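First up is the structure itself, then whatever we jot down about it.
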Amino acid sequence: MEAGKRKTMVHLEFQDLLPIMARKLGGDGLINELCKGYRMLMDGDKGVITIDSLKKNSVLMGLQDFSEEELKNMIREGDMDGDGALDQIEFCILMFRLSPDLSDVAQELLHKSEQN
């Protein structure tokens, strides 16, 4: 590496990867991956993502550096029914909301399917 030039590290969040995943996997593949992510984070006994299950499993999704307050905010942001947890639909909606570029990819996939 030349003097004066530094290697830049890029930090990507899970939601930043959603458009890339959608292009690579297609719509059905993306939904399957979101479902896998949901299952990794959920409380197996309750069947929803709770703050405790999110804290416990956060390392699996690269969220280990988030504070408890940030994790609580994630739950609050996606919790549409006010039960303090995320069900699978709430999780998927939250992931789509956090990734605005995903709507462009969805339109591309829709356009492709209409041409076939």
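We name chains A, B, ... following the order of the structure tokens; residues begin at 1 in each chain, and ligands are numbered from 1 as shown.
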At a cut-off of 8 Å, using only C-alpha atoms, what residues contact Ala85 in chain A? Leave out same-chain residues fewer than 4 positions from it and give the result as a VMD selection string. chain A and resid 48 to 51 75 to 76 79
Report as a PyMOL selection string: the residues of range 17-93 of chain A with a DSSP assignment of alpha helix (DSSP H), based on the backbone of this structure. chain A and resi 17-41+51-57+68-78+88-93
Between CA of Leu94 in chain A and CA of Gly78 in chain A, what is the distance, to one decimal in Å? 5.2 Å
Have a look at CA of Asn57 in chain A and CA of Met42 in chain A and let me know their distance in Å, one decimal.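 Taking CA of Asn57 in chain A and CA of Met42 in chain A, their separation equals 8.2 Å.
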At a cut-off of 10 Å, using only C-alpha atoms, what residues contact Met40 in chain A? Leave out same-chain residues fewer than 3 positions from it and give the result as a list in words. Leu34, Cys35, Lys36, Gly37, Asp43, Gly44, Ile49, Ser53, Leu54, Asn57, Ser58, Leu60 and Met61 of chain A
Expected file contents, prior selection, N, CA and C atoms, as a PDB file, in the first residue's frame:
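And here is the file that came out, selection_25.pdb:
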```
ATOM      1  N   LEU A  34     -35.239 -14.003   4.833  1.00  0.00           N
ATOM      2  CA  LEU A  34     -35.801 -13.216   5.930  1.00  0.00           C
ATOM      3  C   LEU A  34     -36.416 -14.131   6.984  1.00  0.00           C
ATOM      4  N   CYS A  35     -37.093 -15.175   6.524  1.00  0.00           N
ATOM      5  CA  CYS A  35     -37.685 -16.138   7.467  1.00  0.00           C
ATOM      6  C   CYS A  35     -36.608 -16.843   8.281  1.00  0.00           C
ATOM      7  N   LYS A  36     -35.492 -17.175   7.642  1.00  0.00           N
ATOM      8  CA  LYS A  36     -34.384 -17.797   8.374  1.00  0.00           C
ATOM      9  C   LYS A  36     -33.831 -16.836   9.429  1.00  0.00           C
ATOM     10  N   GLY A  37     -33.657 -15.572   9.039  1.00  0.00           N
ATOM     11  CA  GLY A  37     -33.170 -14.568   9.979  1.00  0.00           C
ATOM     12  C   GLY A  37     -34.119 -14.407  11.159  1.00  0.00           C
ATOM     13  N   ASP A  43     -37.524 -16.048  20.034  1.00  0.00           N
ATOM     14  CA  ASP A  43     -37.578 -16.869  21.236  1.00  0.00           C
ATOM     15  C   ASP A  43     -38.318 -18.144  20.848  1.00  0.00           C
ATOM     16  N   GLY A  44     -37.655 -19.266  20.944  1.00  0.00           N
ATOM     17  CA  GLY A  44     -38.230 -20.533  20.505  1.00  0.00           C
ATOM     18  C   GLY A  44     -39.493 -20.921  21.247  1.00  0.00           C
ATOM     19  N   ILE A  49     -39.830 -12.458  18.319  1.00  0.00           N
ATOM     20  CA  ILE A  49     -38.564 -11.847  18.718  1.00  0.00           C
ATOM     21  C   ILE A  49     -38.855 -10.932  19.903  1.00  0.00           C
ATOM     22  N   SER A  53     -34.532 -12.354  23.458  1.00  0.00           N
ATOM     23  CA  SER A  53     -34.038 -13.218  22.377  1.00  0.00           C
ATOM     24  C   SER A  53     -33.151 -12.428  21.418  1.00  0.00           C
ATOM     25  N   LEU A  54     -33.473 -11.150  21.230  1.00  0.00           N
ATOM     26  CA  LEU A  54     -32.647 -10.310  20.361  1.00  0.00           C
ATOM     27  C   LEU A  54     -31.265 -10.117  20.973  1.00  0.00           C
ATOM     28  N   ASN A  57     -29.317 -13.550  20.806  1.00  0.00           N
ATOM     29  CA  ASN A  57     -28.946 -14.019  19.466  1.00  0.00           C
ATOM     30  C   ASN A  57     -28.374 -12.925  18.572  1.00  0.00           C
ATOM     31  N   SER A  58     -28.133 -11.749  19.128  1.00  0.00           N
ATOM     32  CA  SER A  58     -27.704 -10.611  18.309  1.00  0.00           C
ATOM     33  C   SER A  58     -26.393 -10.856  17.568  1.00  0.00           C
ATOM     34  N   LEU A  60     -25.477 -13.418  16.058  1.00  0.00           N
ATOM     35  CA  LEU A  60     -25.748 -14.162  14.828  1.00  0.00           C
ATOM     36  C   LEU A  60     -26.049 -13.246  13.646  1.00  0.00           C
ATOM     37  N   MET A  61     -26.532 -12.045  13.945  1.00  0.00           N
ATOM     38  CA  MET A  61     -26.895 -11.098  12.886  1.00  0.00           C
ATOM     39  C   MET A  61     -25.969  -9.887  12.852  1.00  0.00           C
TER      40      MET A  61
END
```
Mind pulling up the distance from CA of Phe91 in chain A to CA of Leu71 in chain A? 13.2 Å
